[in-house]
>>> print(open('structure37.cif').read())   # mmCIF, C-alpha atoms
data_my_file
#
loop_
_atom_site.label_atom_id
_atom_site.label_comp_id
_atom_site.auth_asym_id
_atom_site.auth_seq_id
_atom_site.Cartn_x
_atom_site.Cartn_y
_atom_site.Cartn_z
CA SER X 1330 0.00 0.00 0.00
CA ALA X 1331 1.00 3.67 -0.23
CA ASP X 1332 1.58 3.94 3.50
CA GLU X 1333 3.86 0.90 3.52
CA MET X 1334 5.90 2.23 0.55
CA ARG X 1335 6.20 5.57 2.26
CA ALA X 1336 7.46 3.94 5.43
CA ASP X 1337 10.04 1.92 3.46
CA ILE X 1338 11.40 5.04 1.72
CA GLU X 1339 11.66 6.92 4.99
CA ARG X 1340 13.65 4.07 6.51
CA ALA X 1341 15.98 4.07 3.51
CA LEU X 1342 16.57 7.79 3.78
CA ASP X 1343 17.26 7.79 7.49
CA GLY X 1344 20.99 7.36 6.88
CA LEU X 1345 21.34 9.91 4.11
CA PRO X 1346 21.89 13.69 4.47
CA VAL X 1347 19.24 15.92 3.02
CA ALA X 1348 20.04 19.39 1.62
CA ALA X 1349 18.71 22.33 3.47
CA ALA X 1350 17.44 23.80 0.24
CA ALA X 1351 16.63 22.29 -3.08
CA ALA X 1352 19.61 22.17 -5.49
CA PRO X 1353 19.22 22.29 -9.24
CA THR X 1354 21.76 19.56 -9.95
CA VAL X 1355 23.53 16.68 -8.37
CA ALA X 1356 27.19 16.20 -9.03
CA PHE X 1357 28.44 12.72 -9.46
CA GLY X 1358 32.05 12.05 -10.09
CA MET X 1359 33.95 15.03 -11.45
CA GLY X 1360 32.41 18.28 -12.63
CA SER X 1361 28.86 19.27 -13.09
CA TYR X 1362 26.81 17.81 -15.87
CA GLY X 1363 23.73 19.93 -15.47
CA GLN X 1364 21.55 16.92 -14.89
CA GLN X 1365 18.28 17.30 -13.03
CA PRO X 1366 18.31 15.62 -9.68
CA PRO X 1367 15.80 12.95 -9.01
CA GLN X 1368 12.68 14.32 -7.37
CA ASP X 1369 11.88 13.44 -3.83
CA PRO X 1370 8.25 12.29 -3.69
CA TYR X 1371 7.90 14.17 -0.40
CA GLY X 1372 9.06 17.52 -1.76
CA ARG X 1373 12.75 17.11 -0.97
CA THR X 1374 15.73 16.83 -3.30
CA MET X 1375 18.66 14.55 -3.32
CA ALA X 1376 21.07 17.28 -4.56
CA MET X 1377 24.62 17.44 -3.41
CA PRO X 1378 26.14 20.85 -2.50
CA GLN X 1379 27.37 23.04 -5.41
CA GLN X 1380 30.69 21.71 -6.63
CA ALA X 1381 33.93 23.68 -7.00
CA PRO X 1382 35.28 24.55 -10.47
CA ALA X 1383 36.07 21.74 -12.83
CA GLY X 1384 38.63 19.39 -11.69
CA GLN X 1385 37.38 19.35 -8.17
CA THR X 1386 35.52 16.43 -6.86
CA SER X 1387 32.78 16.59 -4.31
CA ILE X 1388 32.79 13.75 -1.89
CA LEU X 1389 30.62 12.93 1.03
CA PRO X 1390 32.08 13.95 4.34
CA GLY X 1391 33.72 11.24 6.29
CA VAL X 1392 32.25 9.62 9.26
CA GLY X 1393 32.53 11.81 12.28
CA GLN X 1394 33.21 15.01 10.28
CA GLY X 1395 29.72 16.32 10.56
CA TYR X 1396 27.90 18.38 7.99
CA ASP X 1397 29.13 21.80 8.92
CA VAL X 1398 32.70 21.62 7.63
CA GLY X 1399 33.74 24.80 5.94
CA GLY X 1400 30.42 26.41 6.63
CA ASP X 1401 28.83 24.83 3.62
CA GLY X 1402 25.33 24.80 4.98
CA PHE X 1403 25.18 21.22 6.23
CA ASP X 1404 24.66 22.21 9.83
CA ASP X 1405 22.43 19.63 11.48
CA GLY X 1406 20.71 22.30 13.41
CA SER X 1407 19.99 24.51 10.41
CA SER X 1408 20.02 22.28 7.38
CA GLY X 1409 17.18 20.15 8.43
CA TYR X 1410 19.09 17.00 9.39
CA ASP X 1411 18.11 17.21 12.99
CA ASP X 1412 15.26 14.76 13.56
CA GLY X 1413 14.08 17.01 16.26
CA ALA X 1414 13.65 19.88 13.74
CA ALA X 1415 13.23 18.91 10.12
CA TYR X 1416 12.43 15.27 10.67
CA GLY X 1417 10.37 15.57 13.79
CA GLY X 1418 7.21 15.19 11.76
CA ARG X 1419 8.70 12.27 9.87
CA SER X 1420 9.50 10.46 13.08
CA ASP X 1421 5.97 11.01 14.32
CA ARG X 1422 4.54 9.73 11.10
CA ARG X 1423 6.81 6.70 11.23
CA ARG X 1424 5.68 5.87 14.73
CA ALA X 1425 2.05 6.26 13.71
CA ALA X 1426 2.62 4.04 10.68
CA ASN X 1427 4.13 1.40 12.95
CA GLY X 1428 0.95 1.26 15.09
CA GLY X 1429 1.88 3.66 17.85
CA GLY X 1430 -1.65 5.08 17.94
CA ARG X 1431 -3.22 1.69 18.29
CA ASN X 1432 -0.88 0.85 21.13
CA ARG X 1433 -1.92 3.94 23.00
CA ASN X 1434 -5.64 3.12 22.53
CA THR X 1435 -5.13 -0.46 23.75
CA SER X 1436 -3.30 0.73 26.85
CA VAL X 1437 -6.15 3.08 27.70
CA ILE X 1438 -8.69 0.27 27.34
CA TRP X 1439 -6.70 -2.01 29.63
CA LEU X 1440 -6.42 0.73 32.20
CA VAL X 1441 -10.19 1.24 32.16
CA VAL X 1442 -10.84 -2.51 32.50
CA ALA X 1443 -8.41 -2.75 35.40
CA ALA X 1444 -10.08 0.17 37.15
CA VAL X 1445 -13.51 -1.48 36.77
CA LEU X 1446 -12.22 -4.75 38.19
CA VAL X 1447 -10.68 -2.96 41.15
CA LEU X 1448 -13.93 -1.15 41.88
CA ALA X 1449 -15.97 -4.36 41.61
CA GLY X 1450 -13.63 -6.18 43.95
CA ALA X 1451 -13.79 -3.35 46.45
CA PHE X 1452 -17.61 -3.44 46.32
CA PHE X 1453 -17.88 -7.15 47.11
CA VAL X 1454 -15.24 -6.97 49.83
CA THR X 1455 -17.05 -4.06 51.46
CA LYS X 1456 -20.40 -5.85 51.21
CA SER X 1457 -18.95 -8.92 52.88
CA LEU X 1458 -17.33 -6.91 55.66
CA LEU X 1459 -20.57 -5.02 56.33
CA GLY X 1460 -22.59 -8.22 56.64
CA GLY X 1461 -24.07 -8.28 53.17
CA SER X 1462 -24.07 -12.08 53.26
CA ALA X 1463 -26.76 -11.97 55.98
CA ASN X 1464 -29.35 -11.53 53.24
CA ASN X 1465 -28.67 -15.13 52.26
CA SER X 1466 -29.62 -16.54 55.68
CA ILE X 1467 -32.75 -16.65 57.83
CA SER X 1468 -33.77 -17.87 61.27
CA ALA X 1469 -35.89 -21.04 61.18
CA PRO X 1470 -39.47 -20.33 62.31
CA SER X 1471 -41.42 -22.54 64.74
CA LEU X 1472 -43.77 -24.91 62.89
CA VAL X 1473 -44.92 -26.93 65.94
CA GLY X 1474 -48.70 -27.15 66.22
CA GLN X 1475 -49.29 -26.43 62.51
CA SER X 1476 -50.68 -28.82 59.93
CA LEU X 1477 -48.35 -29.88 57.12
CA THR X 1478 -50.11 -27.54 54.69
CA GLU X 1479 -49.82 -24.61 57.08
CA ALA X 1480 -46.13 -25.31 57.71
CA GLN X 1481 -45.35 -25.43 53.98
CA ALA X 1482 -47.20 -22.17 53.40
CA SER X 1483 -45.31 -20.48 56.25
CA ILE X 1484 -41.95 -21.47 54.75
CA THR X 1485 -42.97 -20.41 51.23
CA ASN X 1486 -43.90 -16.96 52.47
CA LEU X 1487 -40.40 -16.50 53.92
CA GLY X 1488 -38.69 -16.98 50.56
CA HIS X 1489 -35.02 -18.07 50.50
CA ASN X 1490 -36.01 -21.24 48.57
CA LEU X 1491 -36.69 -23.09 51.83
CA ARG X 1492 -38.47 -26.46 51.80
CA VAL X 1493 -40.55 -28.47 54.28
CA VAL X 1494 -40.49 -32.26 54.05
CA LYS X 1495 -42.42 -34.80 56.13
CA GLY X 1496 -40.39 -37.12 58.31
CA ASP X 1497 -41.44 -40.06 60.50
CA SER X 1498 -44.60 -39.54 62.54
CA THR X 1499 -44.45 -39.79 66.32
CA ALA X 1500 -46.66 -39.86 69.40
CA CYS X 1501 -46.88 -36.41 70.93
CA ASP X 1502 -48.02 -34.73 74.12
CA PRO X 1503 -51.53 -33.31 73.43
CA ASN X 1504 -50.50 -30.10 75.18
CA LYS X 1505 -47.85 -29.64 72.47
CA ALA X 1506 -49.62 -30.76 69.31
CA GLN X 1507 -52.77 -32.61 68.38
CA LYS X 1508 -52.94 -35.57 66.03
CA GLY X 1509 -52.01 -34.49 62.48
CA GLN X 1510 -50.02 -31.45 63.60
CA VAL X 1511 -46.27 -30.85 63.68
CA CYS X 1512 -44.85 -32.29 66.91
CA THR X 1513 -41.12 -31.64 66.30
CA GLN X 1514 -38.95 -30.13 63.55
CA ASP X 1515 -35.34 -30.51 62.45
CA PRO X 1516 -33.54 -28.13 62.62
CA PRO X 1517 -35.40 -26.57 65.56
CA ALA X 1518 -36.83 -23.06 65.58
CA GLY X 1519 -34.23 -20.30 65.83
CA THR X 1520 -31.55 -22.15 63.84
CA THR X 1521 -29.86 -20.02 61.16
CA LEU X 1522 -30.68 -21.39 57.69
CA GLN X 1523 -29.06 -20.64 54.36
CA ASP X 1524 -30.85 -20.33 51.02
CA GLY X 1525 -32.30 -23.63 49.84
CA ALA X 1526 -32.28 -25.23 53.30
CA THR X 1527 -34.75 -28.03 54.19
CA ILE X 1528 -36.78 -28.38 57.40
CA THR X 1529 -37.99 -31.88 58.29
CA VAL X 1530 -41.20 -32.04 60.33
CA HIS X 1531 -42.51 -34.98 62.37
CA MET X 1532 -46.29 -35.15 62.56
CA SER X 1533 -48.16 -36.24 65.71
CA THR X 1534 -49.99 -39.56 65.72
CA GLY X 1535 -51.70 -38.55 68.93
CA ALA X 1536 -50.76 -38.80 72.57
CA PRO X 1537 -48.70 -41.75 73.80
CA THR X 1538 -50.95 -44.55 75.13
CA LYS X 1539 -50.83 -46.47 78.41
CA ALA X 1540 -52.92 -49.24 79.92
CA VAL X 1541 -55.55 -48.06 82.38
CA PRO X 1542 -55.16 -50.07 85.62
CA ASN X 1543 -57.94 -52.44 86.66
CA LEU X 1544 -60.02 -50.55 89.22
CA LYS X 1545 -63.03 -52.83 89.76
CA GLY X 1546 -63.63 -53.78 93.35
CA GLN X 1547 -61.18 -51.19 94.69
CA ASN X 1548 -62.09 -48.59 97.25
CA TYR X 1549 -62.57 -45.35 95.36
CA LYS X 1550 -59.71 -43.67 97.25
CA ASP X 1551 -57.31 -46.40 96.16
CA ALA X 1552 -58.63 -46.19 92.61
CA GLU X 1553 -57.96 -42.45 92.48
CA GLN X 1554 -54.37 -42.97 93.61
CA ALA X 1555 -53.79 -45.72 91.04
CA LEU X 1556 -55.00 -43.53 88.20
CA GLN X 1557 -52.87 -40.57 89.17
CA SER X 1558 -49.77 -42.75 89.53
CA ALA X 1559 -50.32 -44.10 86.00
CA GLY X 1560 -50.51 -40.58 84.57
CA PHE X 1561 -54.26 -40.35 84.14
CA VAL X 1562 -56.77 -37.80 85.40
CA VAL X 1563 -59.67 -38.75 87.67
CA GLY X 1564 -62.94 -37.65 86.11
CA THR X 1565 -66.49 -37.91 87.39
CA GLU X 1566 -67.43 -40.19 90.29
CA ASP X 1567 -71.04 -41.22 89.92
CA ARG X 1568 -72.75 -42.99 92.82
CA LYS X 1569 -74.98 -45.96 92.10
CA SER X 1570 -76.68 -48.42 94.41
CA SER X 1571 -75.75 -52.05 94.17
CA ASP X 1572 -77.00 -55.16 95.92
CA THR X 1573 -73.73 -56.97 95.11
CA VAL X 1574 -70.98 -54.32 95.37
CA ALA X 1575 -70.12 -52.88 98.75
CA LYS X 1576 -70.57 -49.23 99.46
CA ASP X 1577 -67.69 -46.89 98.32
CA THR X 1578 -66.32 -49.57 96.00
CA VAL X 1579 -65.73 -49.08 92.25
CA ILE X 1580 -68.45 -50.75 90.22
CA SER X 1581 -67.03 -49.74 86.82
CA TYR X 1582 -64.79 -47.16 85.05
CA SER X 1583 -64.39 -45.78 81.55
CA PRO X 1584 -62.62 -45.59 79.24
CA SER X 1585 -60.52 -48.68 79.77
CA GLY X 1586 -57.73 -50.47 77.91
CA GLN X 1587 -54.96 -48.45 76.16
CA GLN X 1588 -55.54 -44.73 76.51
CA PRO X 1589 -53.43 -41.62 75.84
CA ALA X 1590 -51.37 -40.42 78.77
CA GLY X 1591 -53.26 -37.73 80.61
CA ALA X 1592 -56.66 -39.06 79.55
CA THR X 1593 -59.60 -38.59 81.92
CA ILE X 1594 -61.04 -41.74 83.53
CA ASN X 1595 -64.55 -41.68 84.97
CA LEU X 1596 -65.63 -43.86 87.90
CA VAL X 1597 -68.93 -45.43 89.00
CA ILE X 1598 -68.90 -46.05 92.76
CA SER X 1599 -71.33 -48.15 94.74
CA SER X 1600 -73.55 -46.35 97.23
CA GLY X 1601 -74.54 -49.72 98.66
CA GLN X 1602 -77.99 -51.17 98.46
CA ASP X 1603 -80.61 -48.82 97.16
CA MET X 1604 -82.65 -47.93 100.24
CA LYS X 1605 -86.18 -46.79 99.56
CA GLN X 1606 -89.14 -45.94 101.71
CA ILE X 1607 -91.73 -48.68 101.79
CA PRO X 1608 -95.18 -47.35 100.95
CA TYR X 1609 -97.77 -47.99 103.69
CA VAL X 1610 -100.67 -49.83 102.02
CA VAL X 1611 -102.80 -51.10 104.94
CA GLY X 1612 -106.51 -50.41 104.20
CA GLN X 1613 -106.02 -50.52 100.41
CA SER X 1614 -107.45 -53.14 98.14
CA GLN X 1615 -105.11 -55.93 97.16
CA ASN X 1616 -104.74 -54.68 93.59
CA ASP X 1617 -103.98 -51.10 94.61
CA ALA X 1618 -101.48 -52.19 97.25
CA GLU X 1619 -99.55 -54.43 94.86
CA THR X 1620 -99.40 -51.72 92.19
CA GLN X 1621 -98.04 -49.11 94.62
CA LEU X 1622 -95.39 -51.37 96.14
CA LYS X 1623 -94.11 -52.61 92.79
CA GLY X 1624 -93.99 -49.09 91.47
CA ALA X 1625 -91.73 -48.13 94.38
CA GLY X 1626 -89.29 -50.87 93.46
CA PHE X 1627 -90.31 -53.61 95.80
CA GLN X 1628 -91.44 -57.16 95.31
CA VAL X 1629 -94.81 -58.12 96.79
CA ALA X 1630 -95.84 -61.30 98.58
CA VAL X 1631 -99.60 -61.85 99.29
CA GLN X 1632 -101.03 -63.85 102.19
CA VAL X 1633 -104.58 -64.23 103.52
CA ALA X 1634 -105.11 -63.27 107.11
CA SER X 1635 -106.10 -66.03 109.49
CA SER X 1636 -109.29 -64.20 110.47
CA HIS X 1637 -111.61 -61.61 109.08
CA ASP X 1638 -111.08 -58.04 110.23
CA SER X 1639 -114.42 -56.29 110.36
CA ARG X 1640 -112.73 -52.94 110.00
CA PHE X 1641 -111.95 -53.59 106.37
CA PRO X 1642 -113.85 -55.05 103.50
CA ASP X 1643 -113.03 -58.45 102.19
CA ASN X 1644 -109.76 -58.69 100.15
CA TYR X 1645 -108.39 -55.47 101.61
CA VAL X 1646 -104.92 -55.26 103.23
CA VAL X 1647 -105.22 -55.72 106.96
CA ALA X 1648 -101.46 -55.83 107.68
CA GLU X 1649 -98.04 -55.12 105.97
CA VAL X 1650 -94.86 -56.99 106.97
CA TYR X 1651 -91.14 -56.49 106.13
CA GLN X 1652 -88.53 -58.89 107.52
CA ASN X 1653 -91.11 -60.32 109.97
CA GLN X 1654 -91.82 -56.85 111.30
CA GLN X 1655 -95.35 -55.46 110.93
CA LEU X 1656 -95.22 -51.91 109.62
CA ALA X 1657 -97.10 -49.25 111.52
CA ASP X 1658 -96.48 -46.35 109.12
CA GLY X 1659 -94.62 -45.34 105.95
CA ASN X 1660 -91.29 -44.41 107.57
CA THR X 1661 -89.55 -47.73 107.01
CA THR X 1662 -86.82 -47.97 104.37
CA ALA X 1663 -85.50 -51.05 102.63
CA PRO X 1664 -83.23 -51.91 99.71
CA SER X 1665 -84.81 -51.78 96.32
CA GLN X 1666 -86.42 -55.04 95.23
CA SER X 1667 -86.84 -56.14 98.81
CA VAL X 1668 -89.88 -58.33 99.47
CA VAL X 1669 -92.82 -56.75 101.30
CA THR X 1670 -95.66 -59.03 102.46
CA ILE X 1671 -99.29 -57.90 102.59
CA LEU X 1672 -102.06 -59.72 104.49
CA ILE X 1673 -105.48 -59.74 102.80
CA ASN X 1674 -108.73 -59.71 104.78
CA PRO X 1675 -110.60 -62.98 104.24
CA PRO X 1676 -114.39 -63.03 103.62
CA ASP X 1677 -116.68 -62.71 106.67
CA GLN X 1678 -117.81 -66.25 107.54
CA SER X 1679 -120.33 -65.21 110.24
CA ASN X 1680 -123.26 -64.77 107.85
CA THR X 1681 -123.00 -68.21 106.36
CA ASN X 1682 -123.23 -70.06 109.77
CA GLN X 1683 -126.41 -68.45 111.23
CA GLY X 1684 -129.09 -70.95 112.67
CA GLN X 1685 -126.73 -73.93 112.85
CA THR X 1686 -126.54 -73.73 116.64
CA GLY X 1687 -128.56 -71.81 119.14
CA GLY X 1688 -128.92 -70.98 122.84
CA GLN X 1689 -125.49 -69.25 122.96
CA PRO X 1690 -125.15 -65.49 122.92
CA THR X 1691 -123.13 -63.96 120.16
CA ASP X 1692 -120.30 -61.45 120.87
CA THR X 1693 -120.44 -59.04 118.01
CA SER X 1694 -117.25 -57.39 119.08
CA SER X 1695 -115.21 -60.07 117.27
CA PRO X 1696 -115.95 -61.89 114.07
CA SER X 1697 -114.60 -65.06 115.61
CA THR X 1698 -116.92 -64.79 118.64
CA GLY X 1699 -119.89 -64.23 116.47
CA PHE X 1700 -118.87 -67.19 114.32
CA ILE X 1701 -118.67 -69.39 117.45
CA GLY X 1702 -122.02 -68.09 118.80
CA GLY X 1703 -123.66 -68.97 115.54
CA MET X 1704 -122.34 -72.46 115.72
CA THR X 1705 -123.87 -73.05 119.25
CA GLY X 1706 -127.20 -71.32 118.69
CA GLY X 1707 -129.89 -73.68 117.33
CA ASN X 1708 -131.99 -71.02 115.69
CA GLY X 1709 -129.41 -70.55 113.07
CA ASN X 1710 -129.53 -66.78 113.26
CA GLY X 1711 -126.50 -66.41 115.40
CA ASN X 1712 -128.11 -63.81 117.55
CA GLY X 1713 -127.48 -65.63 120.87
CA ASN X 1714 -131.01 -66.83 121.36
CA GLY X 1715 -130.05 -70.44 121.40
CA GLY X 1716 -132.45 -71.41 124.24
CA ASN X 1717 -135.27 -71.32 121.76
CA GLY X 1718 -133.90 -74.10 119.76
CA GLY X 1719 -134.41 -77.83 120.29
#
>>> encode(input="structure37.cif", output="structure tokens")
Amino acid sequence: SADEMRADIERALDGLPVAAAAAPTVAFGMGSYGQQPPQDPYGRTMAMPQQAPAGQTSILPGVGQGYDVGGDGFDDGSSGYDDGAAYGGRSDRRRAANGGGRNRNTSVIWLVVAAVLVLAGAFFVTKSLLGGSANNSISAPSLVGQSLTEAQASITNLGHNLRVVKGDSTACDPNKAQKGQVCTQDPPAGTTLQDGATITVHMSTGAPTKAVPNLKGQNYKDAEQALQSAGFVVGTEDRKSSDTVAKDTVISYSPSGQQPAGATINLVISSGQDMKQIPYVVGQSQNDAETQLKGAGFQVAVQVASSHDSRFPDNYVVAEVYQNQQLADGNTTAPSQSVVTILINPPDQSNTNQGQTGGQPTDTSSPSTGFIGGMTGGNGNGNGNGGNGG
């Protein structure tokens, strides 16, 4: 190219002197031949200094003689051979042609890149020193008592790419978590977690179970102590009469078998035999008396009195007996289903025996006396006029 040719010519001319002013001819050998000097493509000439008269020969100065011998105008400082003066521009152009400009641009780019890297490094170092890495960590929240869905939602809302996974289920204290809720977590609440960390939760299968001790037949005080020692809570204590279980003794309890620790156990305690007041039924008809006694929870036994009681109609209760004791009023109590005996007034036999015997007076104050008087009186009327008979 033109630039490359120009650079080659300049390098070739670096070692040659250049005239301070253009000369019309160049002398070669002896004398002057009036020939035109070759033209310098850059506006300079290759002319030698004007030669002396014929017979003189112009020669190039020797090495080390300089170009100012004899004051012939070849002074480096004035003739243009000083690179710093006449060839300063040439040197600059030569350096530019050799890529000096590109080198300077590349150096500037590298300096800018280095400065950017230094600033970036300083930024990250400062961020680390000031705790910038804390944004990548978080304190684990407490998930105990939450369902699995609730726990997963809680973690999602915190961000940081945290995950919740389900681990092995376990029995859990009901005061801590109910069945189906998180009982424990790993790592525990308050632990510092990094981005992408995983929390394993263990769901409750319910409270741990224990066998309820056998309480039947125990005194209720002993039963209470046994329950408390086993980790259970004493619940209600209902009283119920029993003809077979002694008073203050446990008849039954519930629930039984395997139960969660801390479960409440209810007791049914015997109040002894069920004592009830026996209704007083003397003077009532047999049917009414039986109905009332059975309704009160008693069993009824019926007997016929040995004699007629004129105070009451036939088939009415003339006496009431419990445990061989005749009742005088309704203040007697007895266990439920106890047997109460009622005595029924038999029919009056005095009317059927009149006139069979006579002559004997009849005592109307007693049915039995009247019956006997009737048997002895011959007139059959039982009125005591037995002397008229026979």
>>> atom_distance(input="structure37.cif", atom1="atom CA of Asn1486 of chain X", atom2="atom CA of Thr1529 of chain X")
17.1 Å
>>> resolve_selection(input="structure37.cif", expression="the PyMOL selection byres ((chain X and resi 1613) around 12)", output="ChimeraX atom specification")
/X:1608-1612,1614-1622,1640-1649,1671-1674
>>> write_last_selection(input="structure37.cif", atoms="C-alpha atoms", output="mmCIF file, keeping the file's coordinate frame")
data_model
loop_
_atom_site.group_PDB
_atom_site.id
_atom_site.type_symbol
_atom_site.label_atom_id
_atom_site.label_comp_id
_atom_site.auth_asym_id
_atom_site.auth_seq_id
_atom_site.Cartn_x
_atom_site.Cartn_y
_atom_site.Cartn_z
ATOM 1 C CA PRO X 1608 -95.180 -47.350 100.950
ATOM 2 C CA TYR X 1609 -97.770 -47.990 103.690
ATOM 3 C CA VAL X 1610 -100.670 -49.830 102.020
ATOM 4 C CA VAL X 1611 -102.800 -51.100 104.940
ATOM 5 C CA GLY X 1612 -106.510 -50.410 104.200
ATOM 6 C CA SER X 1614 -107.450 -53.140 98.140
ATOM 7 C CA GLN X 1615 -105.110 -55.930 97.160
ATOM 8 C CA ASN X 1616 -104.740 -54.680 93.590
ATOM 9 C CA ASP X 1617 -103.980 -51.100 94.610
ATOM 10 C CA ALA X 1618 -101.480 -52.190 97.250
ATOM 11 C CA GLU X 1619 -99.550 -54.430 94.860
ATOM 12 C CA THR X 1620 -99.400 -51.720 92.190
ATOM 13 C CA GLN X 1621 -98.040 -49.110 94.620
ATOM 14 C CA LEU X 1622 -95.390 -51.370 96.140
ATOM 15 C CA ARG X 1640 -112.730 -52.940 110.000
ATOM 16 C CA PHE X 1641 -111.950 -53.590 106.370
ATOM 17 C CA PRO X 1642 -113.850 -55.050 103.500
ATOM 18 C CA ASP X 1643 -113.030 -58.450 102.190
ATOM 19 C CA ASN X 1644 -109.760 -58.690 100.150
ATOM 20 C CA TYR X 1645 -108.390 -55.470 101.610
ATOM 21 C CA VAL X 1646 -104.920 -55.260 103.230
ATOM 22 C CA VAL X 1647 -105.220 -55.720 106.960
ATOM 23 C CA ALA X 1648 -101.460 -55.830 107.680
ATOM 24 C CA GLU X 1649 -98.040 -55.120 105.970
ATOM 25 C CA ILE X 1671 -99.290 -57.900 102.590
ATOM 26 C CA LEU X 1672 -102.060 -59.720 104.490
ATOM 27 C CA ILE X 1673 -105.480 -59.740 102.800
ATOM 28 C CA ASN X 1674 -108.730 -59.710 104.780
#
>>> atom_distance(input="structure37.cif", atom1="atom CA of Leu1491 of chain X", atom2="atom CA of Gly1535 of chain X")
27.5 Å
>>> resolve_selection(input="structure37.cif", expression="the PyMOL selection byres ((chain X and resi 1562) around 12)", output="list in words")
Val1541, Ala1552, Glu1553, Gln1554, Ala1555, Leu1556, Gln1557, Ser1558, Ala1559, Gly1560, Phe1561, Val1563, Gly1564, Thr1565, Glu1566, Ser1583, Pro1584, Gln1588, Pro1589, Ala1590, Gly1591, Ala1592, Thr1593, Ile1594, Asn1595 and Leu1596 of chain X
>>> atom_distance(input="structure37.cif", atom1="atom CA of Gly1586 of chain X", atom2="atom CA of Asp1551 of chain X")
18.7 Å
>>> axis_aligned_box(input="structure37.cif", around="segment 1544-1560 of chain X", padding_each_side="6 Å", output="lines of an AutoDock Vina configuration file")
center_x = -56.7
center_y = -47.2
center_z = 90.9
size_x = 25.9
size_y = 25.2
size_z = 24.7
>>> resolve_selection(input="structure37.cif", expression="the PyMOL selection byres ((chain X and resi 1500) around 8)", output="ChimeraX atom specification")
/X:1498-1499,1501-1502,1533-1537
>>> residues_around(input="structure37.cif", residues="Pro1516 of chain X", least_positions_apart="3", cutoff="10 Å", atoms="only C-alpha atoms", output="ChimeraX atom specification")
/X:1469-1471,1513,1519-1522,1526-1530
>>> residues_around(input="structure37.cif", residues="segment 1572-1576 of chain X", least_positions_apart="5", cutoff="12 Å", atoms="only C-alpha atoms", output="compact mmCIF listing (two decimals) with C-alpha atoms, keeping the file's coordinate frame")
# COMPACT_ATOMS: atom_id res chain seq x y z
CA LYS X 1545 -63.03 -52.83 89.76
CA GLY X 1546 -63.63 -53.78 93.35
CA GLN X 1547 -61.18 -51.19 94.69
CA ASN X 1548 -62.09 -48.59 97.25
CA TYR X 1549 -62.57 -45.35 95.36
CA SER X 1581 -67.03 -49.74 86.82
CA VAL X 1597 -68.93 -45.43 89.00
CA ILE X 1598 -68.90 -46.05 92.76
CA SER X 1599 -71.33 -48.15 94.74
CA SER X 1600 -73.55 -46.35 97.23
CA GLY X 1601 -74.54 -49.72 98.66
CA GLN X 1602 -77.99 -51.17 98.46
CA ASP X 1603 -80.61 -48.82 97.16
CA MET X 1604 -82.65 -47.93 100.24
CA ALA X 1663 -85.50 -51.05 102.63
CA PRO X 1664 -83.23 -51.91 99.71
CA SER X 1665 -84.81 -51.78 96.32
CA GLN X 1666 -86.42 -55.04 95.23
CA SER X 1667 -86.84 -56.14 98.81
